Amino acid sequence: MILPTEGREFRKAGFWMRFTAIWIDSVVVVGLTYLAVVSARVFSTYIPFELSALGFALAYSAILIGARARTIGKTICGLCVLKKDGSSVNHLTDYLTRTVVQQELASKKRGALAVLFVLGVSSFFVTLQIIEYVNYYGLYTDMLPYSMAKTPYDDREQGTVVDVSSLTRSHDSLFVQWLNTHGKTPLDYAVHVVSTHQLVVFGEAHGNRGQIAFLSKIIPDLYHRAGVRCVAMEVCTNEDNEELARLVTAREYDHDLAIQIARNQPWHSWGMKEYWDVLYAVWQLNRSLPDAEKKMRVVGIDSQWDGPSFALALAGADDAVKGPIWERLRIFRALLGLPGLVLRDELMAREVEQEIIEKGERGVVWCGANHGFINYKQPYGKGRMAYILHHKYGDKVFQILLHSKDTSPSIIDPGYSGPAPRMGDFIERIMAYRADSPTGFDVVGSPFEFLRDSTHYHYSKQPKTVFGDVASGYIFLEPRERFKGCQWIKGFITPEMFATYKPFYEGRAHRPFKTVEEADEFFKTETESKQ
């Protein structure tokens, strides 16, 4: 039924009154859409939030205005949609072609109150957002002098560097003999380095079973022999630090809580068992200590930025994730957490600073290799987490790079057609003389320091960069042919996770999933087959 207008006085609605009505309608639409999306998750069904909200908004507006000449928001503000001659809308096509928004004079006071309420609420949330962005800006400016600090290779004479392509087997004995004299077991090397620095950053290759298992193995020695009291991990978020503290100091180990923390990781797909075994190793250590002795802590240094939404919103930028075009609408959701991604390294540096350095404790950070460089900047940007910390705190901070696969320049230069990287091959050639014995050693001050590889991502765009810039210390656990992917925790992806992140999981797999079990099996196969 169309709202009767005879005998009622109207005037053209002003901007703020119309804004208030739209604001109220948006709250209604978003609220009802969210209720539908959450309800569908109970049945493991995915509903795209942004697309559904858009469709619901169009239907909501068309149906209510076509039937009553006003929406809920317009009703509260005393507004209605009339034809230009002031008569009622007779059918939907009138609304689409020849209408204006009018305010009933009798509802003027009620509309004014609605405007004041909406402006007050909006101002409150805008103020909070401004404060948050001011804090982010403050963090950025605090860290900027350190992330932009000069690298050691800015003024290096290029003649001092040696490309590994120029080394023949006749040169190998120099490196082998040096390792025979100065190399240590990975455990002894890690303990030695950690015991002589306040903070040591270990740069890993994500998903390498041997590397993350190594961390679990050395936890007791890091505590007893090196004095470590805190392990900071990229794969945990700082929002979970209270739960992490409760987990590793409890009398009984709570496996369910550990998995809950794992599922809260920003990508919501980090079901690799060996990472969460680290938490159990720390718990075991703490249970072995006398009650009065200080316990080892585990802290997360990442934050809750929306990984799946960023990946889907930018789908097509690379081949990693392919999602439906409507999932690009997630960009609006993702942008809310944009500072957490753009300033990710600064935020992680601040977390490490507060949790370890400022507390005067000795600690280690376990993170992806690209976050761990203390003297090297990647070709496209500023120094990252460990670079910031090293240039702020100097020799208190040290870095160890774990032996991993080489990275081709094609990662930043799709047109690259040169040879494959050679650095890893050279290191493995040297290690083969020593029967691939696991080894840790200082790169800086060794014959390895001034080596470089022009066919490697780390060096190709920076002709003065050498191995000693990329790695201050190095741990070789095994040759690449023995690398294994981590074990997948069966059932890690829950029905609720499946209903929430289904397009991201399908985008990763480049195929649809009918059930949560299919998605879980895909990640199991992908993870465990990773080399």
# chains A, B, ... in the order shown; residues from 1 in each chain; ligands from 1

call {"tool": "select_by_dssp", "arguments": {"residues": "region 379-519 of chain A", "states": "helix (DSSP H, G or I)", "output": "VMD selection string"}}
result
chain A and resid 385 to 396 409 to 411 423 to 432 457 to 460 467 to 470 480 to 482 495 to 509 516 to 519

call {"tool": "select_by_dssp", "arguments": {"residues": "region 132-256 of chain A", "states": "strand (DSSP E)", "output": "PDB file with N, CA and C atoms, in the first residue's frame"}}
result
ATOM      1  N   VAL A 162      82.757 -11.583  -5.039  1.00  0.00           N
ATOM      2  CA  VAL A 162      83.106 -12.731  -5.890  1.00  0.00           C
ATOM      3  C   VAL A 162      81.831 -13.473  -6.243  1.00  0.00           C
ATOM      4  N   ASP A 163      81.545 -13.607  -7.517  1.00  0.00           N
ATOM      5  CA  ASP A 163      80.355 -14.342  -7.933  1.00  0.00           C
ATOM      6  C   ASP A 163      80.648 -15.835  -7.878  1.00  0.00           C
ATOM      7  N   LEU A 199      69.133 -10.782  21.376  1.00  0.00           N
ATOM      8  CA  LEU A 199      68.071 -11.222  20.477  1.00  0.00           C
ATOM      9  C   LEU A 199      68.688 -11.849  19.233  1.00  0.00           C
ATOM     10  N   VAL A 200      68.245 -13.057  18.904  1.00  0.00           N
ATOM     11  CA  VAL A 200      68.686 -13.713  17.671  1.00  0.00           C
ATOM     12  C   VAL A 200      67.445 -14.050  16.856  1.00  0.00           C
ATOM     13  N   VAL A 201      67.460 -13.624  15.591  1.00  0.00           N
ATOM     14  CA  VAL A 201      66.348 -13.853  14.676  1.00  0.00           C
ATOM     15  C   VAL A 201      66.710 -15.001  13.745  1.00  0.00           C
ATOM     16  N   PHE A 202      65.906 -16.059  13.781  1.00  0.00           N
ATOM     17  CA  PHE A 202      66.095 -17.213  12.897  1.00  0.00           C
ATOM     18  C   PHE A 202      65.161 -17.033  11.697  1.00  0.00           C
ATOM     19  N   GLY A 203      65.742 -17.011  10.488  1.00  0.00           N
ATOM     20  CA  GLY A 203      64.947 -16.870   9.275  1.00  0.00           C
ATOM     21  C   GLY A 203      64.746 -18.209   8.604  1.00  0.00           C
ATOM     22  N   GLU A 204      63.515 -18.665   8.561  1.00  0.00           N
ATOM     23  CA  GLU A 204      63.205 -19.994   8.023  1.00  0.00           C
ATOM     24  C   GLU A 204      62.549 -19.911   6.659  1.00  0.00           C
ATOM     25  N   CYS A 230      62.308 -16.142  26.300  1.00  0.00           N
ATOM     26  CA  CYS A 230      61.142 -15.834  25.458  1.00  0.00           C
ATOM     27  C   CYS A 230      61.403 -16.276  24.027  1.00  0.00           C
ATOM     28  N   VAL A 231      60.407 -16.939  23.441  1.00  0.00           N
ATOM     29  CA  VAL A 231      60.433 -17.315  22.026  1.00  0.00           C
ATOM     30  C   VAL A 231      59.303 -16.553  21.343  1.00  0.00           C
ATOM     31  N   ALA A 232      59.653 -15.721  20.376  1.00  0.00           N
ATOM     32  CA  ALA A 232      58.657 -14.941  19.636  1.00  0.00           C
ATOM     33  C   ALA A 232      58.446 -15.597  18.274  1.00  0.00           C
ATOM     34  N   MET A 233      57.176 -15.769  17.879  1.00  0.00           N
ATOM     35  CA  MET A 233      56.873 -16.498  16.651  1.00  0.00           C
ATOM     36  C   MET A 233      55.969 -15.684  15.738  1.00  0.00           C
ATOM     37  N   GLU A 234      56.362 -15.633  14.471  1.00  0.00           N
ATOM     38  CA  GLU A 234      55.562 -14.929  13.480  1.00  0.00           C
ATOM     39  C   GLU A 234      54.194 -15.574  13.304  1.00  0.00           C
ATOM     40  N   VAL A 235      54.107 -16.895  13.438  1.00  0.00           N
ATOM     41  CA  VAL A 235      52.852 -17.587  13.136  1.00  0.00           C
ATOM     42  C   VAL A 235      51.807 -17.421  14.220  1.00  0.00           C
ATOM     43  N   CYS A 236      52.150 -16.798  15.338  1.00  0.00           N
ATOM     44  CA  CYS A 236      51.182 -16.506  16.390  1.00  0.00           C
ATOM     45  C   CYS A 236      50.890 -15.007  16.390  1.00  0.00           C
ATOM     46  N   THR A 237      49.695 -14.633  16.821  1.00  0.00           N
ATOM     47  CA  THR A 237      49.333 -13.220  16.864  1.00  0.00           C
ATOM     48  C   THR A 237      49.467 -12.683  18.281  1.00  0.00           C
TER      49      THR A 237
END

call {"tool": "closest_residue", "arguments": {"among": "A:Leu139, A:Ala67, A:Ile411, A:Val134", "to": "Glu351 (chain A)", "atoms": "only C-alpha atoms"}}
result
A:Leu139

call {"tool": "atom_distance", "arguments": {"atom1": "CA of Ser303 (chain A)", "atom2": "CA of Tyr137 (chain A)"}}
result
16.7 Å

call {"tool": "residues_around", "arguments": {"residues": "Glu526 (chain A)", "least_positions_apart": "4", "cutoff": "10 Å", "atoms": "only C-alpha atoms", "output": "JSON, numbers by chain"}}
result
{"A": [485, 486, 488, 509, 520, 521, 522, 530, 531]}

call {"tool": "write_last_selection", "arguments": {"atoms": "N, CA and C atoms", "output": "PDB file, in the first residue's frame"}}
result
ATOM      1  N   GLY A 485      57.944 -31.506   3.603  1.00  0.00           N
ATOM      2  CA  GLY A 485      56.926 -30.595   4.089  1.00  0.00           C
ATOM      3  C   GLY A 485      56.460 -30.998   5.472  1.00  0.00           C
ATOM      4  N   CYS A 486      55.817 -30.074   6.159  1.00  0.00           N
ATOM      5  CA  CYS A 486      55.307 -30.353   7.504  1.00  0.00           C
ATOM      6  C   CYS A 486      54.140 -31.335   7.440  1.00  0.00           C
ATOM      7  N   TRP A 488      50.344 -32.313   8.296  1.00  0.00           N
ATOM      8  CA  TRP A 488      49.091 -31.580   8.447  1.00  0.00           C
ATOM      9  C   TRP A 488      48.275 -32.147   9.611  1.00  0.00           C
ATOM     10  N   ALA A 509      43.406 -23.702  -4.039  1.00  0.00           N
ATOM     11  CA  ALA A 509      43.454 -25.002  -4.716  1.00  0.00           C
ATOM     12  C   ALA A 509      43.160 -24.891  -6.207  1.00  0.00           C
ATOM     13  N   ASP A 520      40.233 -29.967   3.675  1.00  0.00           N
ATOM     14  CA  ASP A 520      41.249 -30.410   4.620  1.00  0.00           C
ATOM     15  C   ASP A 520      42.224 -31.375   3.958  1.00  0.00           C
ATOM     16  N   GLU A 521      41.706 -32.249   3.108  1.00  0.00           N
ATOM     17  CA  GLU A 521      42.561 -33.216   2.414  1.00  0.00           C
ATOM     18  C   GLU A 521      43.476 -32.516   1.413  1.00  0.00           C
ATOM     19  N   PHE A 522      42.984 -31.476   0.750  1.00  0.00           N
ATOM     20  CA  PHE A 522      43.827 -30.728  -0.178  1.00  0.00           C
ATOM     21  C   PHE A 522      45.016 -30.120   0.560  1.00  0.00           C
ATOM     22  N   LYS A 530      55.187 -30.661   0.117  1.00  0.00           N
ATOM     23  CA  LYS A 530      56.041 -29.497  -0.114  1.00  0.00           C
ATOM     24  C   LYS A 530      57.505 -29.863   0.092  1.00  0.00           C
ATOM     25  N   GLN A 531      58.342 -29.458  -0.838  1.00  0.00           N
ATOM     26  CA  GLN A 531      59.775 -29.760  -0.752  1.00  0.00           C
ATOM     27  C   GLN A 531      60.576 -28.469  -0.617  1.00  0.00           C
TER      28      GLN A 531
END

call {"tool": "residues_around", "arguments": {"residues": "Ala315 (chain A)", "least_positions_apart": "5", "cutoff": "10 Å", "atoms": "only C-alpha atoms", "output": "list in words"}}
result
Ser309, Phe310, Ala320, Val321, Lys322, Gly323, Pro324, Ile325, Glu327, Arg328, Phe504 and Gly507 of chain A

call {"tool": "closest_atom_pairs", "arguments": {"of": "region 102-181 of chain A", "to": "region 461-473 of chain A", "cutoff": "10 Å", "atoms": "only C-alpha atoms", "output": "CSV"}}
result
residue,atom,partner,partner_atom,distance
A:Thr151,CA,A:Asp469,CA,8.5
A:Pro152,CA,A:Asp469,CA,7.4
A:Tyr153,CA,A:Lys464,CA,5.7
A:Asp154,CA,A:Lys464,CA,7.4
A:Asp155,CA,A:Lys464,CA,8.5
A:Arg156,CA,A:Lys464,CA,6.4
A:Glu157,CA,A:Lys464,CA,7.4
A:Gln158,CA,A:Lys464,CA,5.5
A:Gly159,CA,A:Lys464,CA,8.9
A:Thr160,CA,A:Lys464,CA,8.8
A:Val161,CA,A:Val466,CA,6.8
A:Val162,CA,A:Val466,CA,8.3
A:Asp163,CA,A:Val466,CA,8.8

call {"tool": "write_last_selection", "arguments": {"atoms": "N, CA and C atoms", "output": "short mmCIF file (atom, residue, chain, number, x, y, z; two decimals), in the first residue's frame"}}
result
data_model
loop_
_atom_site.label_atom_id
_atom_site.label_comp_id
_atom_site.auth_asym_id
_atom_site.auth_seq_id
_atom_site.Cartn_x
_atom_site.Cartn_y
_atom_site.Cartn_z
N THR A 151 72.42 0.58 4.05
CA THR A 151 72.91 -0.79 4.12
C THR A 151 74.43 -0.80 4.07
N PRO A 152 75.06 -1.87 4.55
CA PRO A 152 76.53 -1.95 4.52
C PRO A 152 77.09 -1.94 3.10
N TYR A 153 76.27 -2.32 2.13
CA TYR A 153 76.80 -2.44 0.77
C TYR A 153 76.61 -1.17 -0.06
N ASP A 154 76.04 -0.11 0.53
CA ASP A 154 75.86 1.13 -0.23
C ASP A 154 77.19 1.68 -0.73
N ASP A 155 78.21 1.62 0.11
CA ASP A 155 79.51 2.20 -0.24
C ASP A 155 80.58 1.16 -0.55
N ARG A 156 80.17 -0.07 -0.74
CA ARG A 156 81.15 -1.14 -0.96
C ARG A 156 81.75 -1.05 -2.37
N GLU A 157 83.03 -1.33 -2.43
CA GLU A 157 83.70 -1.41 -3.72
C GLU A 157 83.29 -2.73 -4.39
N GLN A 158 82.78 -2.63 -5.59
CA GLN A 158 82.29 -3.83 -6.26
C GLN A 158 83.39 -4.85 -6.53
N GLY A 159 84.63 -4.39 -6.58
CA GLY A 159 85.73 -5.30 -6.84
C GLY A 159 86.01 -6.27 -5.72
N THR A 160 85.40 -6.04 -4.56
CA THR A 160 85.64 -6.94 -3.42
C THR A 160 84.72 -8.15 -3.42
N VAL A 161 83.75 -8.18 -4.32
CA VAL A 161 82.78 -9.28 -4.32
C VAL A 161 83.19 -10.34 -5.32
N VAL A 162 82.76 -11.58 -5.04
CA VAL A 162 83.11 -12.73 -5.89
C VAL A 162 81.83 -13.47 -6.24
N ASP A 163 81.55 -13.61 -7.52
CA ASP A 163 80.36 -14.34 -7.93
C ASP A 163 80.65 -15.83 -7.88
#

call {"tool": "closest_residue", "arguments": {"among": "A:Phe117, A:Trp283, A:Tyr275, A:Phe175", "to": "Thr20 (chain A)", "atoms": "only C-alpha atoms"}}
result
A:Phe117

call {"tool": "residues_around", "arguments": {"residues": "Glu239 (chain A)", "least_positions_apart": "4", "cutoff": "10 Å", "atoms": "only C-alpha atoms", "output": "ChimeraX atom specification"}}
result
/A:243-244,261,264,299-304

call {"tool": "write_last_selection", "arguments": {"atoms": "N, CA and C atoms", "output": "mmCIF file, in the first residue's frame"}}
result
data_model
loop_
_atom_site.group_PDB
_atom_site.id
_atom_site.type_symbol
_atom_site.label_atom_id
_atom_site.label_comp_id
_atom_site.auth_asym_id
_atom_site.auth_seq_id
_atom_site.Cartn_x
_atom_site.Cartn_y
_atom_site.Cartn_z
ATOM 1 N N GLU A 243 46.535 -16.182 25.961
ATOM 2 C CA GLU A 243 46.257 -17.614 25.827
ATOM 3 C C GLU A 243 47.551 -18.414 25.716
ATOM 4 N N LEU A 244 48.538 -17.864 25.011
ATOM 5 C CA LEU A 244 49.830 -18.539 24.902
ATOM 6 C C LEU A 244 50.494 -18.678 26.271
ATOM 7 N N ILE A 261 44.538 -21.532 18.982
ATOM 8 C CA ILE A 261 45.522 -20.498 18.666
ATOM 9 C C ILE A 261 46.011 -20.660 17.228
ATOM 10 N N ASN A 264 43.650 -19.365 14.673
ATOM 11 C CA ASN A 264 43.485 -17.914 14.711
ATOM 12 C C ASN A 264 44.580 -17.192 13.937
ATOM 13 N N VAL A 299 55.504 -15.742 22.664
ATOM 14 C CA VAL A 299 54.657 -14.602 22.301
ATOM 15 C C VAL A 299 54.467 -14.566 20.793
ATOM 16 N N GLY A 300 53.296 -14.129 20.390
ATOM 17 C CA GLY A 300 53.023 -13.915 18.973
ATOM 18 C C GLY A 300 53.393 -12.502 18.593
ATOM 19 N N ILE A 301 53.929 -12.315 17.408
ATOM 20 C CA ILE A 301 54.330 -10.967 16.991
ATOM 21 C C ILE A 301 53.537 -10.466 15.783
ATOM 22 N N ASP A 302 52.739 -11.334 15.172
ATOM 23 C CA ASP A 302 51.899 -10.876 14.072
ATOM 24 C C ASP A 302 50.589 -10.339 14.649
ATOM 25 N N SER A 303 49.743 -9.770 13.797
ATOM 26 C CA SER A 303 48.460 -9.246 14.245
ATOM 27 C C SER A 303 47.349 -9.790 13.353
ATOM 28 N N GLN A 304 46.111 -9.483 13.711
ATOM 29 C CA GLN A 304 44.972 -10.074 13.023
ATOM 30 C C GLN A 304 44.566 -9.295 11.770
#

call {"tool": "closest_residue", "arguments": {"among": "A:Ile493, A:Val228, A:Ala13, A:Leu338", "to": "Met272 (chain A)", "atoms": "only C-alpha atoms"}}
result
A:Ile493

call {"tool": "closest_residue", "arguments": {"among": "A:Lys382, A:Ala59, A:Gly363, A:Val164", "to": "Phe450 (chain A)", "atoms": "only C-alpha atoms"}}
result
A:Val164

call {"tool": "atom_distance", "arguments": {"atom1": "CA of Phe125 (chain A)", "atom2": "CA of Trp16 (chain A)"}}
result
17.6 Å

call {"tool": "atom_distance", "arguments": {"atom1": "CA of Val194 (chain A)", "atom2": "CA of Gly383 (chain A)"}}
result
22.5 Å

call {"tool": "residues_around", "arguments": {"residues": "Cys77 (chain A)", "least_positions_apart": "6", "cutoff": "9 Å", "atoms": "only C-alpha atoms", "output": "list of chain:residue names"}}
result
A:Met17, A:Arg18, A:Thr20, A:Ala21, A:Gln103, A:Glu104, A:Ser107, A:Lys108, A:Lys109, A:Arg110, A:Gly111, A:Ala112, A:Leu113, A:Ala114, A:Val115

call {"tool": "closest_residue", "arguments": {"among": "A:Phe476, A:Phe49, A:Trp23, A:Trp276", "to": "Arg330 (chain A)", "atoms": "only C-alpha atoms"}}
result
A:Phe49
